[in-house]
$ cat data.txt   # compact mmCIF, C-alpha atoms
# COMPACT_ATOMS: atom_id res chain seq x y z
CA MET Y 1 183.86 63.92 82.97
CA ALA Y 2 186.36 63.13 85.67
CA ALA Y 3 189.50 64.32 83.89
CA ASP Y 4 191.54 67.19 85.27
CA PRO Y 5 190.18 70.17 83.34
CA HIS Y 6 193.61 71.82 83.14
CA SER Y 7 194.79 68.99 80.91
CA LEU Y 8 192.26 69.98 78.23
CA VAL Y 9 193.92 73.26 77.39
CA ALA Y 10 196.03 71.94 74.48
CA PRO Y 11 193.24 69.83 72.93
CA TYR Y 12 191.00 72.89 73.22
CA ALA Y 13 193.59 75.08 71.50
CA LEU Y 14 193.65 72.53 68.66
CA ASN Y 15 189.83 72.34 68.45
CA ALA Y 16 190.22 68.67 69.32
CA LEU Y 17 187.42 68.44 71.88
CA ASP Y 18 183.92 67.22 71.18
CA ASP Y 19 181.04 69.60 71.89
CA GLU Y 20 180.40 68.44 75.41
CA GLU Y 21 184.06 68.52 76.44
CA CYS Y 22 184.34 71.93 74.83
CA ARG Y 23 181.46 73.40 76.83
CA ALA Y 24 182.78 71.93 80.06
CA PHE Y 25 186.25 73.33 79.42
CA GLU Y 26 184.88 76.78 78.60
CA GLN Y 27 183.12 76.84 81.95
CA HIS Y 28 186.37 75.91 83.60
CA LEU Y 29 188.17 78.57 81.60
CA ALA Y 30 185.92 81.26 82.99
CA VAL Y 31 187.21 80.57 86.49
CA CYS Y 32 190.81 79.49 85.80
CA GLU Y 33 193.28 82.22 85.12
CA ARG Y 34 196.14 79.76 84.71
CA CYS Y 35 194.35 78.07 81.81
CA ARG Y 36 193.44 81.40 80.23
CA ASN Y 37 197.07 82.45 80.28
CA GLU Y 38 198.28 79.14 78.95
CA LEU Y 39 195.62 79.04 76.28
CA ALA Y 40 196.60 82.40 74.83
CA GLY Y 41 200.07 81.15 73.86
CA LEU Y 42 198.97 77.71 72.75
CA LYS Y 43 196.19 79.10 70.56
CA GLU Y 44 198.67 81.34 68.81
CA ALA Y 45 200.99 78.40 68.13
CA ALA Y 46 198.04 76.32 66.91
CA ALA Y 47 196.85 79.09 64.59
CA SER Y 48 200.28 79.39 63.02
CA LEU Y 49 199.92 75.77 61.90
CA ALA Y 50 197.51 77.21 59.32
CA TYR Y 51 200.53 78.63 57.48
CA GLY Y 52 201.90 75.13 57.13
CA ALA Y 53 198.96 74.32 54.87
CA VAL Y 54 199.29 77.21 52.43
CA GLY Y 55 198.31 76.00 49.00
CA PRO Y 56 196.64 77.27 45.86
CA ALA Y 57 194.74 80.55 45.92
CA PRO Y 58 190.97 80.37 46.36
CA PRO Y 59 188.86 81.13 43.29
CA PRO Y 60 188.31 84.90 42.85
CA GLU Y 61 184.52 84.55 43.02
CA LEU Y 62 184.76 83.45 46.66
CA ARG Y 63 185.80 86.97 47.66
CA GLU Y 64 182.82 88.49 45.85
CA ARG Y 65 180.43 85.96 47.33
CA ILE Y 66 181.55 86.75 50.86
CA LEU Y 67 181.41 90.51 50.39
CA THR Y 68 178.01 90.41 48.68
CA GLN Y 69 176.56 88.31 51.45
CA ALA Y 70 178.08 90.53 54.14
CA ARG Y 71 176.64 93.68 52.56
CA SER Y 72 173.19 92.15 52.23
CA GLU Y 73 173.20 91.21 55.91
CA ARG Y 74 174.06 94.74 56.83
CA GLU Y 75 171.14 96.11 54.80
CA ASN Y 76 168.73 93.67 56.38
CA VAL Y 77 169.51 94.76 59.89
CA THR Y 78 169.27 98.49 59.82
CA SER Y 79 169.60 99.06 63.53
CA LEU Y 80 172.68 96.93 63.81
CA PRO Y 81 175.39 99.18 62.37
CA GLN Y 82 174.72 101.81 64.95
CA ARG Y 83 174.66 99.33 67.74
CA ARG Y 84 177.82 97.70 66.50
CA ARG Y 85 179.68 100.93 66.19
CA SER Y 86 178.78 101.82 69.73
CA TRP Y 87 180.18 98.49 70.87
CA THR Y 88 183.59 99.36 69.57
CA ALA Y 89 183.64 102.90 70.78
CA PRO Y 90 184.23 102.11 74.45
CA LEU Y 91 187.03 99.77 73.59
CA ALA Y 92 188.55 102.22 71.22
CA ALA Y 93 188.92 104.58 74.10
CA ALA Y 94 190.42 102.14 76.52
CA ALA Y 95 191.86 104.97 78.53
CA ALA Y 96 188.48 106.58 78.82
CA ILE Y 97 187.10 103.49 80.48
CA ALA Y 98 189.85 103.41 83.02
CA ALA Y 99 189.06 107.06 83.48
CA SER Y 100 185.39 106.36 84.07
CA VAL Y 101 186.32 103.94 86.81
CA ALA Y 102 188.81 106.40 88.21
CA LEU Y 103 186.12 109.03 88.00
CA GLY Y 104 183.86 106.87 90.12
CA LEU Y 105 186.64 106.47 92.63
CA GLY Y 106 187.54 110.11 92.42
CA VAL Y 107 184.00 111.22 93.09
CA TRP Y 108 184.03 109.04 96.13
CA SER Y 109 187.32 110.20 97.56
CA ALA Y 110 186.79 113.85 96.78
CA THR Y 111 183.22 114.40 97.82
CA ARG Y 112 182.53 111.37 99.89
CA PRO Y 113 178.82 110.66 100.05
CA ALA Y 114 178.86 106.90 99.93
CA SER Y 115 175.46 107.02 98.37
CA THR Y 116 176.84 108.64 95.19
CA ASN Y 117 176.44 105.27 93.60
CA VAL Y 118 176.50 101.66 94.62
CA PHE Y 119 179.94 101.15 93.15
CA THR Y 120 181.58 103.81 95.21
CA SER Y 121 179.65 102.71 98.26
CA VAL Y 122 181.18 99.24 97.93
CA VAL Y 123 184.62 100.68 97.29
CA SER Y 124 184.33 102.87 100.35
CA GLN Y 125 184.09 99.86 102.64
CA PRO Y 126 187.31 98.86 104.38
CA GLY Y 127 188.93 95.77 102.87
CA SER Y 128 187.05 96.04 99.58
CA ARG Y 129 188.82 95.35 96.31
CA VAL Y 130 188.51 96.62 92.76
CA ILE Y 131 189.15 94.10 90.01
CA SER Y 132 189.48 94.98 86.35
CA MET Y 133 186.92 93.66 83.89
CA GLY Y 134 189.14 94.50 80.95
CA ASP Y 135 188.85 97.82 79.24
CA GLN Y 136 185.13 98.04 79.68
CA GLY Y 137 184.83 98.33 83.41
CA ALA Y 138 185.55 97.01 86.84
CA LEU Y 139 184.15 94.96 89.68
CA ALA Y 140 184.20 96.09 93.29
CA VAL Y 141 183.80 93.49 96.04
CA ALA Y 142 183.45 94.25 99.71
CA ARG Y 143 184.81 91.92 102.34
CA ASP Y 144 181.37 90.44 102.99
CA GLY Y 145 180.88 89.69 99.29
CA GLU Y 146 178.63 92.66 98.53
CA ALA Y 147 179.58 93.64 95.01
CA ALA Y 148 178.92 96.13 92.25
CA ILE Y 149 180.17 96.57 88.73
CA VAL Y 150 180.74 99.62 86.62
CA LEU Y 151 180.59 98.83 82.95
CA ARG Y 152 180.61 100.93 79.84
CA VAL Y 153 178.26 99.24 77.39
CA PRO Y 154 175.70 100.61 74.96
CA ARG Y 155 172.00 100.22 75.66
CA ALA Y 156 171.01 96.58 75.15
CA PRO Y 157 169.17 95.97 71.85
CA ALA Y 158 165.36 95.78 71.93
CA GLY Y 159 164.18 92.56 73.51
CA LYS Y 160 167.57 91.91 75.14
CA THR Y 161 169.11 92.56 78.49
CA TYR Y 162 172.55 92.39 80.03
CA GLN Y 163 172.82 89.75 82.71
CA ALA Y 164 175.56 89.53 85.32
CA TRP Y 165 176.73 86.14 86.59
CA VAL Y 166 178.69 84.91 89.55
CA ILE Y 167 180.79 82.06 88.18
CA ARG Y 168 182.34 79.47 90.45
CA ASP Y 169 183.75 76.00 89.98
CA ASP Y 170 180.53 74.56 91.35
CA GLY Y 171 178.15 76.53 89.15
CA ILE Y 172 176.99 79.78 87.65
CA LYS Y 173 174.34 81.97 89.26
CA SER Y 174 172.52 85.01 87.99
CA ALA Y 175 173.45 88.25 89.72
CA GLY Y 176 171.01 90.64 88.10
CA LEU Y 177 169.85 92.30 84.90
CA PHE Y 178 170.58 95.75 83.53
CA GLY Y 179 169.97 97.72 80.37
CA GLY Y 180 173.26 99.49 79.66
CA GLY Y 181 173.51 102.82 77.86
CA GLY Y 182 174.63 106.18 79.12
CA ASP Y 183 178.22 106.87 80.05
CA ALA Y 184 178.53 103.78 82.19
CA SER Y 185 176.22 101.39 83.97
CA VAL Y 186 176.66 101.03 87.69
CA VAL Y 187 175.00 97.87 88.91
CA LYS Y 188 174.77 96.43 92.37
CA LEU Y 189 174.92 92.66 92.08
CA SER Y 190 171.86 90.89 93.43
CA ARG Y 191 173.87 88.21 95.16
CA PRO Y 192 177.11 88.27 97.12
CA VAL Y 193 180.32 87.33 95.34
CA PRO Y 194 182.16 84.68 97.38
CA ARG Y 195 185.94 84.45 97.28
CA GLY Y 196 187.20 82.45 94.31
CA SER Y 197 184.48 83.63 91.94
CA VAL Y 198 184.60 85.35 88.61
CA VAL Y 199 181.92 87.83 87.59
CA GLY Y 200 180.91 87.83 83.93
CA VAL Y 201 178.27 89.55 81.81
CA THR Y 202 176.32 88.18 78.86
CA VAL Y 203 173.56 89.48 76.60
CA GLU Y 204 170.33 87.54 77.09
CA GLN Y 205 166.68 87.69 76.07
CA ALA Y 206 164.66 90.27 78.01
CA GLY Y 207 163.76 88.85 81.39
CA GLY Y 208 167.07 87.06 81.71
CA ALA Y 209 168.08 83.42 81.46
CA PRO Y 210 168.46 80.74 84.15
CA GLN Y 211 171.98 80.00 82.86
CA PRO Y 212 174.15 81.99 80.44
CA THR Y 213 173.50 81.15 76.79
CA GLN Y 214 176.86 82.48 75.59
CA GLN Y 215 180.40 83.09 76.75
CA PRO Y 216 180.60 86.25 78.87
CA PHE Y 217 181.78 89.11 76.66
CA VAL Y 218 183.38 90.65 79.68
CA ALA Y 219 184.59 89.05 82.91
CA SER Y 220 186.58 90.04 85.92
CA GLY Y 221 190.22 89.36 85.15
CA GLU Y 222 190.98 87.40 88.31
CA LYS Y 223 189.19 85.46 90.95
CA THR Y 224 187.85 87.50 93.80
CA MET Z 1 196.88 96.09 74.42
CA THR Z 2 197.63 97.37 70.96
CA ALA Z 3 196.18 100.68 69.97
CA LEU Z 4 193.09 99.44 68.23
CA LEU Z 5 191.47 102.49 66.84
CA THR Z 6 191.63 106.14 66.52
CA THR Z 7 188.52 108.01 67.45
CA SER Z 8 188.42 110.04 64.27
CA PRO Z 9 186.20 108.58 61.57
CA PRO Z 10 187.94 107.06 58.57
CA PRO Z 11 188.13 109.22 55.46
CA ALA Z 12 185.11 108.62 53.28
CA ALA Z 13 186.72 108.09 49.92
CA SER Z 14 189.61 106.06 48.55
CA ARG Z 15 190.83 104.74 51.82
CA ASP Z 16 194.13 103.04 51.89
CA LEU Z 17 193.77 100.27 54.42
CA ALA Z 18 197.08 98.65 53.55
CA HIS Z 19 198.84 100.08 56.57
CA VAL Z 20 196.04 99.53 59.04
CA SER Z 21 196.78 96.81 61.59
CA ASP Z 22 194.78 93.58 61.55
CA GLU Z 23 193.36 94.47 64.94
CA ALA Z 24 192.20 97.90 63.77
CA LEU Z 25 190.63 96.32 60.69
CA LEU Z 26 188.65 94.00 62.93
CA SER Z 27 187.30 96.90 64.90
CA LEU Z 28 186.27 98.58 61.65
CA VAL Z 29 184.57 95.33 60.66
CA ALA Z 30 182.76 95.43 64.00
CA SER Z 31 181.28 98.73 62.85
CA SER Z 32 180.07 97.05 59.64
CA ASP Z 33 182.80 98.44 57.39
CA ASP Z 34 182.83 96.16 54.36
CA GLN Z 35 186.04 97.60 52.93
CA ALA Z 36 187.80 96.51 56.09
CA LEU Z 37 186.34 93.02 55.65
CA ALA Z 38 187.62 92.98 52.06
CA GLU Z 39 191.09 93.97 53.26
CA LEU Z 40 191.07 91.22 55.90
CA TYR Z 41 190.04 88.73 53.25
CA ASP Z 42 192.89 89.87 51.04
CA ARG Z 43 195.30 89.30 53.91
CA PHE Z 44 193.97 85.99 55.23
CA GLY Z 45 191.77 84.49 52.52
CA ARG Z 46 194.55 82.48 50.97
CA VAL Z 47 195.86 81.02 54.21
CA ALA Z 48 192.28 80.34 55.27
CA TYR Z 49 191.51 78.51 52.04
CA GLY Z 50 194.71 76.48 52.22
CA LEU Z 51 193.86 75.40 55.74
CA ALA Z 52 190.25 74.57 54.91
CA LEU Z 53 191.35 72.60 51.86
CA ARG Z 54 193.90 70.65 53.86
CA ILE Z 55 191.26 69.69 56.40
CA LEU Z 56 188.31 69.12 54.07
CA ARG Z 57 190.11 67.92 50.92
CA ASP Z 58 187.31 69.20 48.78
CA GLU Z 59 187.31 72.57 47.02
CA ALA Z 60 183.58 73.26 47.36
CA LEU Z 61 183.54 72.40 51.05
CA ALA Z 62 186.69 74.43 51.65
CA GLN Z 63 185.05 77.44 50.02
CA ASP Z 64 181.99 76.96 52.22
CA ALA Z 65 184.15 76.84 55.33
CA VAL Z 66 186.03 80.01 54.38
CA GLN Z 67 182.81 81.80 53.53
CA GLU Z 68 181.18 80.81 56.81
CA ALA Z 69 184.26 81.85 58.75
CA PHE Z 70 184.47 85.30 57.15
CA LEU Z 71 180.75 85.86 57.67
CA ALA Z 72 181.22 84.85 61.30
CA ILE Z 73 183.99 87.44 61.48
CA TRP Z 74 181.62 89.97 59.95
CA ARG Z 75 178.88 89.21 62.45
CA SER Z 76 180.93 88.84 65.59
CA ALA Z 77 184.01 91.01 65.22
CA ASP Z 78 182.88 92.94 68.27
CA ARG Z 79 183.58 89.83 70.32
CA PHE Z 80 187.21 89.86 69.30
CA LEU Z 81 187.70 93.06 71.21
CA ALA Z 82 187.34 91.22 74.48
CA GLU Z 83 189.76 88.47 73.45
CA ARG Z 84 193.33 88.32 74.52
CA ALA Z 85 194.69 87.36 71.15
CA LYS Z 86 196.20 88.68 67.97
CA ALA Z 87 193.65 89.27 65.24
CA SER Z 88 195.35 86.68 63.04
CA THR Z 89 194.99 84.07 65.78
CA TRP Z 90 191.33 84.86 66.25
CA ILE Z 91 190.60 84.75 62.51
CA LEU Z 92 192.52 81.56 61.80
CA THR Z 93 191.00 79.88 64.86
CA LEU Z 94 187.55 80.68 63.45
CA VAL Z 95 188.48 79.29 60.05
CA HIS Z 96 189.87 76.16 61.67
CA ARG Z 97 186.77 75.74 63.82
CA ARG Z 98 184.42 75.99 60.82
CA SER Z 99 186.51 73.58 58.80
CA VAL Z 100 186.65 71.06 61.61
CA ASP Z 101 182.91 71.38 62.24
CA LEU Z 102 182.28 70.71 58.56
CA VAL Z 103 184.67 67.80 58.29
CA ARG Z 104 183.11 66.18 61.36
CA ARG Z 105 179.63 66.69 59.97
CA GLU Z 106 180.59 65.30 56.59
CA ASP Z 107 182.70 62.66 58.23
CA ARG Z 108 185.31 63.11 55.56
CA ARG Z 109 188.20 62.24 57.78
CA ARG Z 110 190.44 59.74 56.17
CA GLY Z 111 192.11 56.73 57.67
CA GLU Z 112 195.52 57.06 56.10
CA PRO Z 113 198.32 59.19 57.50
CA LEU Z 114 198.14 62.76 56.36
CA GLU Z 115 201.66 62.86 55.02
CA SER Z 116 200.67 60.55 52.22
CA ALA Z 117 197.78 62.75 51.17
CA GLY Z 118 200.05 64.91 49.06
CA GLU Z 119 201.44 68.28 50.04
CA PRO Z 120 199.56 71.27 48.74
CA ALA Z 121 201.21 73.23 45.96
CA ALA Z 122 203.51 76.01 47.05
CA PRO Z 123 202.45 79.59 46.39
CA GLU Z 124 203.43 80.66 42.92
CA THR Z 125 203.49 84.43 42.64
CA VAL Z 126 206.57 86.39 43.63
CA GLU Z 127 204.77 88.28 46.35
CA ASP Z 128 203.15 85.21 47.84
CA GLU Z 129 206.43 83.38 47.64
CA ALA Z 130 208.04 86.10 49.67
CA THR Z 131 205.52 86.03 52.48
CA LEU Z 132 203.36 82.93 52.61
CA GLY Z 133 206.10 80.73 51.22
CA PHE Z 134 208.44 81.88 53.94
CA GLU Z 135 205.92 81.30 56.70
CA ARG Z 136 204.99 77.94 55.29
CA ARG Z 137 208.61 76.85 55.30
CA VAL Z 138 209.17 78.09 58.84
CA VAL Z 139 206.13 76.22 60.14
CA GLN Z 140 206.98 73.04 58.28
CA GLU Z 141 210.57 73.23 59.44
CA ALA Z 142 209.40 73.69 63.04
CA LEU Z 143 207.01 70.76 62.70
CA SER Z 144 209.81 68.58 61.38
CA ARG Z 145 211.88 69.32 64.47
CA LEU Z 146 209.22 68.05 66.86
CA GLN Z 147 209.39 64.53 68.18
CA PRO Z 148 207.53 62.34 65.67
CA GLU Z 149 204.79 61.41 68.13
CA GLN Z 150 204.22 65.06 69.03
CA ARG Z 151 204.06 65.97 65.36
CA GLU Z 152 201.62 63.15 64.72
CA ALA Z 153 199.31 64.33 67.51
CA LEU Z 154 199.32 67.92 66.21
CA GLU Z 155 198.86 66.97 62.57
CA LEU Z 156 196.08 64.47 63.13
CA GLY Z 157 194.36 66.83 65.53
CA TYR Z 158 194.80 70.13 63.73
CA TYR Z 159 194.87 69.14 60.05
CA GLY Z 160 192.95 65.90 60.46
CA GLY Z 161 190.09 67.30 62.52
CA LEU Z 162 190.17 64.33 64.92
CA THR Z 163 189.09 64.84 68.51
CA GLN Z 164 191.45 63.76 71.26
CA SER Z 165 189.28 60.71 71.96
CA GLU Z 166 189.22 59.66 68.30
CA LEU Z 167 192.96 60.12 68.18
CA ALA Z 168 193.48 57.97 71.28
CA GLU Z 169 191.32 55.26 69.80
CA ARG Z 170 193.00 55.39 66.45
CA LEU Z 171 196.51 55.22 67.86
CA GLY Z 172 195.52 52.74 70.57
CA LEU Z 173 196.89 55.00 73.30
CA PRO Z 174 195.47 56.29 76.58
CA LEU Z 175 193.73 59.66 76.36
CA GLY Z 176 196.23 61.12 78.83
CA THR Z 177 199.08 60.34 76.44
CA ILE Z 178 197.33 62.17 73.61
CA LYS Z 179 196.67 65.23 75.78
CA SER Z 180 200.24 65.40 76.93
CA ARG Z 181 201.62 64.97 73.40
CA MET Z 182 199.38 67.79 72.24
CA PHE Z 183 200.53 69.96 75.09
CA THR Z 184 204.25 69.31 74.77
CA GLY Z 185 204.01 69.47 70.98
CA LEU Z 186 202.25 72.83 70.94
CA SER Z 187 204.54 74.27 73.61
CA ARG Z 188 207.63 73.15 71.72
CA LEU Z 189 206.20 74.41 68.44
CA ARG Z 190 205.68 77.77 70.04
CA GLU Z 191 209.32 77.91 71.15
CA LEU Z 192 210.59 76.87 67.73
CA LEU Z 193 208.47 79.47 65.96
CA ALA Z 194 209.67 82.12 68.37
CA GLU Z 195 213.27 81.15 67.68
CA ALA Z 196 212.59 81.39 63.97
CA GLY Z 197 211.18 84.86 64.53
CA LEU Z 198 207.81 84.02 63.05
CA GLU Z 199 205.82 84.35 66.20
CA SER Z 200 205.12 87.85 67.15
CA SER Z 201 204.52 88.12 70.74
CA TYR Z 202 201.87 87.11 73.05
CA PRO Z 203 203.08 88.75 76.26
$ encode --input "data.txt" --output "structure tokens"
Amino acid sequence: MAADPHSLVAPYALNALDDEECRAFEQHLAVCERCRNELAGLKEAAASLAYGAVGPAPPPELRERILTQARSERENVTSLPQRRRSWTAPLAAAAAIAASVALGLGVWSATRPASTNVFTSVVSQPGSRVISMGDQGALAVARDGEAAIVLRVPRAPAGKTYQAWVIRDDGIKSAGLFGGGGDASVVKLSRPVPRGSVVGVTVEQAGGAPQPTQQPFVASGEKT
Amino acid sequence: MTALLTTSPPPAASRDLAHVSDEALLSLVASSDDQALAELYDRFGRVAYGLALRILRDEALAQDAVQEAFLAIWRSADRFLAERAKASTWILTLVHRRSVDLVRREDRRRGEPLESAGEPAAPETVEDEATLGFERRVVQEALSRLQPEQREALELGYYGGLTQSELAERLGLPLGTIKSRMFTGLSRLRELLAEAGLESSYP
């Protein structure tokens, strides 16, 4: 597809791309902040078009059908509720996450030993930068591309792993696996992060995947 | 970011979720709270069904689309938390996506212009009239103020479920023209809705 990927933002907001175009645009989106910003507003406008189609009420039994099905799924997956609740907890306490990053930084500046953890050791290098990964954590990149992330995520479910990715316009490369859990995971990335990259994290089958099988649930908010 | 949650657990009995924000409801849904799902359905089920019906033009298929969308919300509400969007946008985008997937699979898209397909009935209860009826009028009014070719691109794309390429072929226009009509149309729509005070704010 030779088209300028930026031009797909409105068709994407309208769900007017075919599957292949959609996947290609989502890869672009992961590395293009301009499109992410633009998309947010356009998606909201597109969604409000739904109100232009308001018509008759759905039959009452639809509500019951949905709720019955939802409850039965919950009962079938007993371990899930706990896992799911723990997913929301870190986000609920957005401030606490920022604090956990600050704590990492604080430990470094107050007590120094660069070996405290790999995150602080990256941050302690001159010219390094810390980039937010939303409310769940942060990415630190040293000038030479050495990088680490601190991320507050629950332990990965059985048979699954977290996988970090270095995402660039010319491709996506694995940057290591980790299990999550505890207060926060501090992970040194297994490959350098070149300028102009985005770092994202997905949940994959144990052992990792050659390429991400889902959209990153968390990604660094700007290019490095 | 809006305050999504409090850390205290919700009261066990007779919870009144009426004053809980959509975003907070979604985070309760992410923790498998079925009452929160029921409340979200009560808020969005009707709009969702209207949209699905407009796209699919078949009551059974529209119900399927709404059911699939709400179950997707149930299963993946935790993903919303990483999104930069209002909950309503996320929910209605999911409903739209399911409806469009279904209509493409069933290939139920019609050849004739959508305007001639008959407008859906307006909401009839007093309460619905006050809220949904108002929003419906605002959106339709905003649509009517777009340039006709912008409106056509949005309506055929969003309500018709056509991809940009199908739209280009059908209208006999270059793909670039379709993309730019979609972009200018959506951008203008956003301004008009903001002027009408419907849009809350994406920063």
$ residues_around --input "data.txt" --residues "Ser48 in chain Y" --least-positions-apart "4" --cutoff "8 Å" --atoms "only C-alpha atoms" --output "PyMOL selection string"
(chain Y and resi 44+52) or (chain Z and resi 89+139)
$ closest_atom_pairs --input "data.txt" --of "chain Z" --to "chain Y" --cutoff "7 Å" --atoms "all atoms listed in the file" --output "Markdown table"
| residue | atom | partner | partner_atom | distance |
| --- | --- | --- | --- | --- |
| Z:Leu4 | CA | Y:Ala92 | CA | 6.1 |
| Z:Leu5 | CA | Y:Ala92 | CA | 5.3 |
| Z:Thr6 | CA | Y:Ala92 | CA | 6.9 |
| Z:Thr7 | CA | Y:Ala92 | CA | 6.9 |
| Z:Ser27 | CA | Y:Thr88 | CA | 6.5 |
| Z:Ala30 | CA | Y:Arg84 | CA | 6.0 |
| Z:Ser31 | CA | Y:Arg85 | CA | 4.3 |
| Z:Ser32 | CA | Y:Pro81 | CA | 5.8 |
| Z:Asp34 | CA | Y:Arg71 | CA | 6.9 |
| Z:Ala38 | CA | Y:Leu67 | CA | 6.9 |
| Z:Arg46 | CA | Y:Ala57 | CA | 5.4 |
| Z:Val47 | CA | Y:Val54 | CA | 5.4 |
| Z:Tyr49 | CA | Y:Pro58 | CA | 6.0 |
| Z:Gly50 | CA | Y:Val54 | CA | 4.6 |
| Z:Leu51 | CA | Y:Ala53 | CA | 5.3 |
| Z:Arg54 | CA | Y:Ala53 | CA | 6.3 |
| Z:Gln63 | CA | Y:Leu62 | CA | 6.9 |
| Z:Gln67 | CA | Y:Ile66 | CA | 5.8 |
| Z:Leu71 | CA | Y:Ala70 | CA | 6.4 |
| Z:Trp74 | CA | Y:Ala70 | CA | 6.8 |
| Z:Asp78 | CA | Y:Thr88 | CA | 6.6 |
| Z:Arg79 | CA | Y:Phe217 | CA | 6.6 |
| Z:Ala82 | CA | Y:Phe217 | CA | 6.3 |
| Z:Arg84 | CA | Y:Ala40 | CA | 6.8 |
| Z:Ala85 | CA | Y:Ala40 | CA | 6.5 |
| Z:Thr89 | CA | Y:Ala47 | CA | 5.4 |
| Z:Leu92 | CA | Y:Ala47 | CA | 5.7 |
| Z:Thr93 | CA | Y:Ala47 | CA | 5.9 |
| Z:Arg97 | CA | Y:Asn15 | CA | 6.5 |
| Z:Pro120 | CA | Y:Gly55 | CA | 4.9 |
| Z:Ala121 | CA | Y:Gly55 | CA | 5.0 |
| Z:Ala122 | CA | Y:Gly55 | CA | 5.6 |
| Z:Pro123 | CA | Y:Gly55 | CA | 6.1 |
| Z:Glu135 | CA | Y:Tyr51 | CA | 6.1 |
| Z:Arg136 | CA | Y:Gly52 | CA | 4.6 |
| Z:Val139 | CA | Y:Gly52 | CA | 5.3 |
| Z:Gln140 | CA | Y:Gly52 | CA | 5.6 |
| Z:Gly157 | CA | Y:Ala16 | CA | 5.9 |
| Z:Tyr158 | CA | Y:Leu14 | CA | 5.6 |
| Z:Gly161 | CA | Y:Ala16 | CA | 6.9 |
| Z:Leu162 | CA | Y:Ala16 | CA | 6.2 |
| Z:Thr163 | CA | Y:Ala16 | CA | 4.1 |
| Z:Gln164 | CA | Y:Ala16 | CA | 5.4 |
| Z:Lys179 | CA | Y:Pro11 | CA | 6.4 |
| Z:Met182 | CA | Y:Ala10 | CA | 5.8 |
| Z:Phe183 | CA | Y:Ala10 | CA | 5.0 |
| Z:Leu186 | CA | Y:Leu42 | CA | 6.2 |
| Z:Ser187 | CA | Y:Leu42 | CA | 6.6 |
| Z:Leu189 | CA | Y:Ala45 | CA | 6.6 |
| Z:Arg190 | CA | Y:Ala45 | CA | 5.1 |
| Z:Tyr202 | CA | Y:Gly41 | CA | 6.3 |
$ residues_around --input "data.txt" --residues "range 58-62 of chain Z" --least-positions-apart "4" --cutoff "8 Å" --atoms "only C-alpha atoms" --output "PDB file with C-alpha atoms, in the coordinates of the input"
ATOM      1  CA  TYR Z  49     191.510  78.510  52.040  1.00  0.00           C
ATOM      2  CA  ALA Z  52     190.250  74.570  54.910  1.00  0.00           C
ATOM      3  CA  LEU Z  53     191.350  72.600  51.860  1.00  0.00           C
ATOM      4  CA  VAL Z  66     186.030  80.010  54.380  1.00  0.00           C
ATOM      5  CA  SER Z  99     186.510  73.580  58.800  1.00  0.00           C
ATOM      6  CA  LEU Z 102     182.280  70.710  58.560  1.00  0.00           C
TER       7      LEU Z 102
END
$ closest_residue --input "data.txt" --among "Z:Val138, Z:Leu40, Z:Val100, Z:Leu132" --to "Ala24 in chain Z" --atoms "all atoms listed in the file"
Z:Leu40
$ residues_around --input "data.txt" --residues "Ser144 in chain Z" --least-positions-apart "6" --cutoff "12 Å" --atoms "only C-alpha atoms" --output "PDB file with C-alpha atoms, keeping the file's coordinate frame"
ATOM      1  CA  GLY Y  52     201.900  75.130  57.130  1.00  0.00           C
TER       2      GLY Y  52
ATOM      3  CA  GLU Z 115     201.660  62.860  55.020  1.00  0.00           C
ATOM      4  CA  ARG Z 137     208.610  76.850  55.300  1.00  0.00           C
ATOM      5  CA  VAL Z 138     209.170  78.090  58.840  1.00  0.00           C
ATOM      6  CA  GLN Z 150     204.220  65.060  69.030  1.00  0.00           C
ATOM      7  CA  ARG Z 151     204.060  65.970  65.360  1.00  0.00           C
ATOM      8  CA  GLU Z 152     201.620  63.150  64.720  1.00  0.00           C
ATOM      9  CA  LEU Z 154     199.320  67.920  66.210  1.00  0.00           C
ATOM     10  CA  GLU Z 155     198.860  66.970  62.570  1.00  0.00           C
ATOM     11  CA  GLY Z 185     204.010  69.470  70.980  1.00  0.00           C
ATOM     12  CA  ARG Z 188     207.630  73.150  71.720  1.00  0.00           C
ATOM     13  CA  LEU Z 189     206.200  74.410  68.440  1.00  0.00           C
ATOM     14  CA  LEU Z 192     210.590  76.870  67.730  1.00  0.00           C
ATOM     15  CA  LEU Z 193     208.470  79.470  65.960  1.00  0.00           C
TER      16      LEU Z 193
END
$ atom_distance --input "data.txt" --atom1 "CA of Pro154 in chain Y" --atom2 "CA of Thr213 in chain Y"
19.7 Å
